[in-house]
Amino acid sequence: MQEKAQILSENDIDRIIKRISHEILERNRGSESLVFIGLQKRGVPLAKRIAENIKNFEGAEIETGKLDITFYRDDIGKNIKPTAQITDISFDIEGKNVILVDDVLYTGRTVRAALDAIIDFGRPKSIQLVVLVDRGHRELPIRADYVGKNLPTSHNESVEVKLKETDGEDSVTLVVGE
Amino acid sequence: MAKNEKKNILIKSGTIIDPAKGNEFVSDIYIKDGIIAGIKENIKTGEDDAVKIDAEGLIVSPGFVDMHVHLRDPGSEDEETIETGALAAVKGGVTTVACMPNTNPAIDSDALVKYILEKSQDAACSILPVAAMTRDLKGKDITGMGILSETGAAGFSDDGKCVADSRVMYEIMRYSTQFGLPLILHEEDCFLSEGGLMHEGHYSSMLGLEGISSLSENVMIARDIMLARKSGARIHITHLSTRGGVEMIKKAKGEGLNITCDVTPHHLFFNDSYLTSFNTNLKVKPPIRSEEDRKALLSGVKEGVIDAIASDHAPHLDTEKNTTFKLASFGTIGLETLFAAAYTKLCLEEKMSISQLVNSITILPAKILGIDAGKIEVGKTANITVIDTDAEEEIKRESFISKSKNSAFIGQKLKGKIIYTISKGKLAYMSK
Amino acid sequence: MNMLSKKSIVDAGSLEPEDIELILSNADSFLEISRRDVKKVPTLRGKTVINLFFEPSTRTRTSFEIAAKRLSADIINFSSSSSSLKKGESIIDTLKTILSMNVDLIVIRHSDSGTVKMIDRFVDIPVINAGDGKYQHPTQALLDLYTIQKRFGKFEGLKVAIVGDFLDSRVARSDMDLFEKMGMEVTIVAPTMFLPEDYSEMNVRHNIDEVIKDTDILYILRMQLERQDRKFYPSVMEYNRFLTLDMKRLEEMKPGSVVMHPGPVNRGTEITDEVMDVGGTLGEKIAIEEQVTYGVAIRMAILYLILG
């Protein structure tokens, strides 16, 4: 049996992204030296939307990259994830404030892998983390700098994020059971 | 079998195939002091007088004559010896073996012929040495064929090699007419076959293995037919492998030429598609050829163009076979699977009669070698093989008696099992 | 956990279409890694790969070595000329020694056809054929396929002419298996001495001029003089007349067509100096360097899919 409860609507998500865009500008005192890296696959459109907002607010064009962390996972060989997606960071991250964007923060292992991967591209001034949903249950000492919504969950629940660019609609749903 | 040595033997109710008379009948055979004393129904002997063999439902055949065997003695006794080769022979129902002279040293002198004959005295079966046609098998200097035939050579051959020099071959043929012994010819143009590892064809191309063209054999058969026609020599083409060869020999026989030939069970059994496994035990010379060739060989046997079936038993050590296909030696052992392999293909698949098969491994090779063998006759030393044609066996490496285990048939299911072999008048082999 | 359908890659012909697709689709990610400043990911940390080369090779061995290192695997080179492994000194003994060291994968090259297939039957760990005798060189065929995919974006209906010593070439055999599997039309351009005795079932031409205008991919084989036990081809002059890619022939090739070669090129024999050094639009036809770059990505993809 599966039960679903919608947590965030399209409008909610839109407001959250706008809010986070402002927070990023506030904390970094403007858009200078910012770059965005979206984690494959739903972090990528989220990063693009934030960059788009900042362009609207400040007129600044922020470089946005994509990162796939398949080759940095610590559970390789344990799951089947045959095909890696594209990593595209075609700009220099040396000395930059890197804003890493993902949809859901859970155990922290994906972010750990992403930190390793980013550091292979250079030495940024800082790395800050944006997530749409933080569902708790961290297994590593990792926290997000910008959180869309804190959503306490249990292990038998899962969080389903849908975005227009990848899934045709914007929503966040809590799914209970298998 | 020591405990049976003095005993007489009674074979009860077997189906006797006697190729000499060309008939098949159920009867008993009584062997007294090694000599066939009686062939008739319901022979009665005293209680402890004889070893009794219940042969009801079994075939009783003259002991087989394998006219192409490598015993590796002298020189490579780690691969086979006269003694172990003879034991392998009787396990295969073979009671007479003609052994090839490509030993080390080659059998090219009367001393070496004597060596084989003397060493064979105590062997489990009769062994006939074939002597070299040229000294050290070099294809140049003709051996003392006169002295060799007086000493007891059963024929002449440079097997393993082919005399490339046509003049030398022609003179060998002319000289051989003085002695009446057959020339057993390994037909291979060594320039055409040089570097070759398997039959040249679709599969060699697919496997990236250097090919041995059928031409290599056919060119030499054509030459030797011409030389024999002119010289009048009695030639025997051994281990025939090509369709072209079958056709040429058929034609030559048709015009009355004194030519005979034999084929091996492995050339009747396999085609070159089996080589896709890179199984080095299938690396043989001449190579396992195409399906078209195999079919022609089967027809050749059925039509009587091919006279004899011979094993070309060629023992090799594991180190010579457990290597890359290129480095592996040519040859498969065959004494122990001679009957079963031929029976499975020719009689079961091709529906040839069992008596025709028995002819090709008894009376016909005996005739070619000019020996008195391949018969069941009262008053003669008993050489008899008892066969269960219904028994099926998967051939396993461990089952071989031969010192070497390089059998192409390992893993194949064969029908036709040798149950008893009586050789030189004694019970020489009994299956478990 | 092996994501391919078979334990090992021994020949191109037995690769399943799904495996081919998986390897090609993963190669893109590895191509990207190879273009980074830090060309290394930790994916295969702790895995040990052995490069077992019984035949001298620089290109293929280096390609596998770079591929393994970029994935953080440890790779050990074990070279032994085939001549030191004669009869009596069995390859199996060498393998037993290597297996006792707990390696995870073996890359093998050997001068004798079929040897990798034999070794694969003997060992439990995955084996990758890096070329055996005249039989197969499957990773070369895969990188060739990837090069074609990158250039044309499709396979179906492409016309390929494989030019040169077909008989002695493991590359030609492997390529032909994969090219035909992917729906390409393959023609062999070779003189009789580089063809099997009976080639009536094959699509064969003897003169490069017969295919030059119409072919999408001109795949030129190395003239492997070192593999010819006896020399039957008359002369380089004769080769130049009928088979060599020269400027005149390059100019005749249709727009968008490419020239491939497994390397290293014997300049002046199969391709002229002029063609090798040509720039501009004509130079873009030559995909030989791309093949080398893609080779690393393909080998990374294979190692990842088998060991990842």
# chains A, B, ... in the order shown; residues from 1 in each chain; ligands from 1
call {"tool": "residues_around", "arguments": {"residues": "Gly133 (chain C)", "least_positions_apart": "5", "cutoff": "8 Å", "atoms": "only C-alpha atoms", "output": "PDB file with C-alpha atoms, in the first residue's frame"}}
result
ATOM      1  CA  GLY B 208      42.529 -16.114 -37.253  1.00  0.00           C
TER       2      GLY B 208
ATOM      3  CA  HIS C 110      49.131 -12.583 -26.777  1.00  0.00           C
ATOM      4  CA  SER C 111      50.656 -13.309 -30.141  1.00  0.00           C
ATOM      5  CA  ASP C 112      48.692 -16.546 -30.639  1.00  0.00           C
ATOM      6  CA  SER C 113      45.061 -16.693 -31.742  1.00  0.00           C
ATOM      7  CA  GLY C 114      42.599 -18.109 -29.232  1.00  0.00           C
ATOM      8  CA  ARG C 170      42.544  -9.194 -35.642  1.00  0.00           C
TER       9      ARG C 170
END
call {"tool": "residues_around", "arguments": {"residues": "Phe30 (chain C)", "least_positions_apart": "4", "cutoff": "10 Å", "atoms": "only C-alpha atoms", "output": "NGL selection string"}}
result
(:A and (71 or 84 or 86-87)) or (:C and (25-26 or 34-35 or 39-41 or 67 or 70-71 or 294 or 296-301 or 304))
call {"tool": "select_by_dssp", "arguments": {"residues": "region 114-297 of chain C", "states": "strand (DSSP E)", "output": "list in words"}}
result
Val127, Ile128, Asn129, Ala130, Gly131, Asp132, Lys159, Val160, Ala161, Ile162, Val163, Glu185, Val186, Thr187, Ile188, Val189, Val204, Arg205, Ile217, Leu218, Tyr219, Ile220, Val258, Val259 and Met260 of chain C
call {"tool": "residues_around", "arguments": {"residues": "Leu346 (chain B)", "least_positions_apart": "5", "cutoff": "12 Å", "atoms": "only C-alpha atoms", "output": "PDB file with N, CA and C atoms, in the first residue's frame"}}
result
ATOM      1  N   PRO B 265      39.059 -42.180 -37.561  1.00  0.00           N
ATOM      2  CA  PRO B 265      37.742 -41.881 -36.985  1.00  0.00           C
ATOM      3  C   PRO B 265      37.549 -40.383 -36.735  1.00  0.00           C
ATOM      4  N   HIS B 266      38.619 -39.666 -36.356  1.00  0.00           N
ATOM      5  CA  HIS B 266      38.396 -38.239 -36.059  1.00  0.00           C
ATOM      6  C   HIS B 266      38.065 -37.437 -37.306  1.00  0.00           C
ATOM      7  N   HIS B 267      38.579 -37.853 -38.455  1.00  0.00           N
ATOM      8  CA  HIS B 267      38.185 -37.143 -39.675  1.00  0.00           C
ATOM      9  C   HIS B 267      36.758 -37.480 -40.100  1.00  0.00           C
ATOM     10  N   LEU B 268      36.278 -38.649 -39.657  1.00  0.00           N
ATOM     11  CA  LEU B 268      34.881 -38.999 -39.950  1.00  0.00           C
ATOM     12  C   LEU B 268      33.933 -38.341 -38.957  1.00  0.00           C
ATOM     13  N   PHE B 269      34.438 -38.031 -37.798  1.00  0.00           N
ATOM     14  CA  PHE B 269      33.590 -37.589 -36.678  1.00  0.00           C
ATOM     15  C   PHE B 269      33.424 -36.062 -36.625  1.00  0.00           C
ATOM     16  N   ARG B 294      34.092 -34.096 -44.821  1.00  0.00           N
ATOM     17  CA  ARG B 294      33.698 -35.178 -43.916  1.00  0.00           C
ATOM     18  C   ARG B 294      32.634 -36.057 -44.570  1.00  0.00           C
ATOM     19  N   LYS B 295      31.661 -35.421 -45.200  1.00  0.00           N
ATOM     20  CA  LYS B 295      30.598 -36.186 -45.885  1.00  0.00           C
ATOM     21  C   LYS B 295      31.193 -37.066 -46.980  1.00  0.00           C
ATOM     22  N   LEU B 297      34.183 -38.286 -47.060  1.00  0.00           N
ATOM     23  CA  LEU B 297      34.917 -39.393 -46.442  1.00  0.00           C
ATOM     24  C   LEU B 297      33.937 -40.489 -45.996  1.00  0.00           C
ATOM     25  N   LEU B 298      32.811 -40.069 -45.417  1.00  0.00           N
ATOM     26  CA  LEU B 298      31.809 -41.053 -44.985  1.00  0.00           C
ATOM     27  C   LEU B 298      31.303 -41.846 -46.186  1.00  0.00           C
ATOM     28  N   SER B 299      30.985 -41.147 -47.275  1.00  0.00           N
ATOM     29  CA  SER B 299      30.534 -41.854 -48.481  1.00  0.00           C
ATOM     30  C   SER B 299      31.631 -42.758 -49.008  1.00  0.00           C
ATOM     31  N   GLY B 300      32.868 -42.249 -48.932  1.00  0.00           N
ATOM     32  CA  GLY B 300      34.007 -43.041 -49.400  1.00  0.00           C
ATOM     33  C   GLY B 300      34.095 -44.375 -48.673  1.00  0.00           C
ATOM     34  N   VAL B 301      33.856 -44.364 -47.383  1.00  0.00           N
ATOM     35  CA  VAL B 301      33.902 -45.615 -46.615  1.00  0.00           C
ATOM     36  C   VAL B 301      32.732 -46.510 -47.023  1.00  0.00           C
ATOM     37  N   LYS B 302      31.550 -45.897 -47.117  1.00  0.00           N
ATOM     38  CA  LYS B 302      30.357 -46.696 -47.421  1.00  0.00           C
ATOM     39  C   LYS B 302      30.444 -47.330 -48.807  1.00  0.00           C
ATOM     40  N   GLU B 303      31.003 -46.571 -49.757  1.00  0.00           N
ATOM     41  CA  GLU B 303      31.100 -47.087 -51.127  1.00  0.00           C
ATOM     42  C   GLU B 303      32.302 -48.006 -51.316  1.00  0.00           C
ATOM     43  N   ILE B 309      39.967 -48.212 -41.847  1.00  0.00           N
ATOM     44  CA  ILE B 309      39.897 -47.140 -40.857  1.00  0.00           C
ATOM     45  C   ILE B 309      41.052 -47.379 -39.887  1.00  0.00           C
ATOM     46  N   LEU B 338      38.861 -46.158 -31.278  1.00  0.00           N
ATOM     47  CA  LEU B 338      38.787 -46.501 -32.709  1.00  0.00           C
ATOM     48  C   LEU B 338      37.409 -47.024 -33.109  1.00  0.00           C
ATOM     49  N   PHE B 339      36.962 -48.073 -32.422  1.00  0.00           N
ATOM     50  CA  PHE B 339      35.697 -48.687 -32.822  1.00  0.00           C
ATOM     51  C   PHE B 339      34.506 -47.789 -32.495  1.00  0.00           C
ATOM     52  N   ALA B 340      34.455 -47.305 -31.257  1.00  0.00           N
ATOM     53  CA  ALA B 340      33.275 -46.550 -30.807  1.00  0.00           C
ATOM     54  C   ALA B 340      33.040 -45.312 -31.668  1.00  0.00           C
ATOM     55  N   ALA B 341      34.116 -44.587 -31.980  1.00  0.00           N
ATOM     56  CA  ALA B 341      33.954 -43.363 -32.771  1.00  0.00           C
ATOM     57  C   ALA B 341      33.458 -43.699 -34.178  1.00  0.00           C
ATOM     58  N   LYS B 351      24.055 -45.353 -40.965  1.00  0.00           N
ATOM     59  CA  LYS B 351      23.354 -46.626 -41.229  1.00  0.00           C
ATOM     60  C   LYS B 351      24.168 -47.614 -42.064  1.00  0.00           C
ATOM     61  N   MET B 352      25.485 -47.554 -41.930  1.00  0.00           N
ATOM     62  CA  MET B 352      26.311 -48.556 -42.590  1.00  0.00           C
ATOM     63  C   MET B 352      26.231 -49.834 -41.759  1.00  0.00           C
ATOM     64  N   SER B 353      26.385 -51.000 -42.409  1.00  0.00           N
ATOM     65  CA  SER B 353      26.265 -52.237 -41.645  1.00  0.00           C
ATOM     66  C   SER B 353      27.498 -52.427 -40.768  1.00  0.00           C
ATOM     67  N   ILE B 354      27.280 -53.089 -39.642  1.00  0.00           N
ATOM     68  CA  ILE B 354      28.394 -53.303 -38.720  1.00  0.00           C
ATOM     69  C   ILE B 354      29.437 -54.226 -39.351  1.00  0.00           C
ATOM     70  N   SER B 355      28.987 -55.153 -40.208  1.00  0.00           N
ATOM     71  CA  SER B 355      29.981 -56.060 -40.802  1.00  0.00           C
ATOM     72  C   SER B 355      30.905 -55.297 -41.757  1.00  0.00           C
ATOM     73  N   GLN B 356      30.349 -54.274 -42.420  1.00  0.00           N
ATOM     74  CA  GLN B 356      31.225 -53.481 -43.295  1.00  0.00           C
ATOM     75  C   GLN B 356      32.256 -52.707 -42.471  1.00  0.00           C
ATOM     76  N   LEU B 357      31.805 -52.201 -41.316  1.00  0.00           N
ATOM     77  CA  LEU B 357      32.749 -51.512 -40.434  1.00  0.00           C
ATOM     78  C   LEU B 357      33.827 -52.491 -39.959  1.00  0.00           C
ATOM     79  N   VAL B 358      33.395 -53.683 -39.545  1.00  0.00           N
ATOM     80  CA  VAL B 358      34.359 -54.682 -39.069  1.00  0.00           C
ATOM     81  C   VAL B 358      35.371 -55.014 -40.175  1.00  0.00           C
ATOM     82  N   SER B 360      36.520 -53.067 -42.392  1.00  0.00           N
ATOM     83  CA  SER B 360      37.476 -51.971 -42.585  1.00  0.00           C
ATOM     84  C   SER B 360      38.482 -51.872 -41.441  1.00  0.00           C
ATOM     85  N   LEU B 414      29.961 -41.707 -26.985  1.00  0.00           N
ATOM     86  CA  LEU B 414      30.157 -42.697 -28.043  1.00  0.00           C
ATOM     87  C   LEU B 414      29.470 -43.999 -27.662  1.00  0.00           C
ATOM     88  N   LYS B 415      28.960 -44.669 -28.684  1.00  0.00           N
ATOM     89  CA  LYS B 415      28.334 -45.972 -28.458  1.00  0.00           C
ATOM     90  C   LYS B 415      29.229 -47.065 -29.012  1.00  0.00           C
ATOM     91  N   GLY B 416      29.170 -48.245 -28.391  1.00  0.00           N
ATOM     92  CA  GLY B 416      29.979 -49.365 -28.870  1.00  0.00           C
ATOM     93  C   GLY B 416      31.185 -49.552 -27.979  1.00  0.00           C
TER      94      GLY B 416
END
call {"tool": "select_by_dssp", "arguments": {"residues": "region 254-337 of chain B", "states": "helix (DSSP H, G or I)", "output": "NGL selection string"}}
result
:B and (254 or 265-269 or 272-277 or 280-282 or 291-303 or 318-321 or 335-337)
call {"tool": "decode", "arguments": {"residues": "region 34-67 of chain A", "atoms": "C-alpha atoms", "output": "CSV table (one decimal), in the first residue's frame"}}
result
chain,number,residue,atom,x,y,z
A,34,LEU,CA,29.2,33.1,-7.3
A,35,VAL,CA,28.9,30.0,-9.5
A,36,PHE,CA,26.2,27.3,-9.4
A,37,ILE,CA,26.6,23.6,-9.7
A,38,GLY,CA,23.5,21.5,-9.9
A,39,LEU,CA,23.6,17.9,-9.0
A,40,GLN,CA,22.2,15.5,-11.6
A,41,LYS,CA,19.5,15.2,-12.1
A,42,ARG,CA,17.0,17.5,-10.3
A,43,GLY,CA,19.6,19.8,-8.8
A,44,VAL,CA,20.4,20.9,-12.4
A,45,PRO,CA,17.0,22.7,-13.1
A,46,LEU,CA,16.9,24.0,-9.6
A,47,ALA,CA,20.3,25.7,-10.0
A,48,LYS,CA,19.2,27.1,-13.3
A,49,ARG,CA,16.0,28.6,-11.8
A,50,ILE,CA,18.0,30.2,-9.0
A,51,ALA,CA,20.5,31.6,-11.5
A,52,GLU,CA,17.6,32.9,-13.6
A,53,ASN,CA,16.1,34.6,-10.5
A,54,ILE,CA,19.4,36.3,-9.7
A,55,LYS,CA,19.6,37.5,-13.2
A,56,ASN,CA,16.2,39.1,-12.9
A,57,PHE,CA,17.0,40.7,-9.5
A,58,GLU,CA,20.5,41.9,-10.2
A,59,GLY,CA,21.0,41.6,-14.0
A,60,ALA,CA,24.1,39.4,-13.4
A,61,GLU,CA,24.7,36.3,-15.5
A,62,ILE,CA,25.9,33.5,-13.2
A,63,GLU,CA,27.8,30.5,-14.5
A,64,THR,CA,25.9,27.3,-13.9
A,65,GLY,CA,27.3,23.7,-14.2
A,66,LYS,CA,26.1,20.2,-13.9
A,67,LEU,CA,27.7,17.5,-11.8
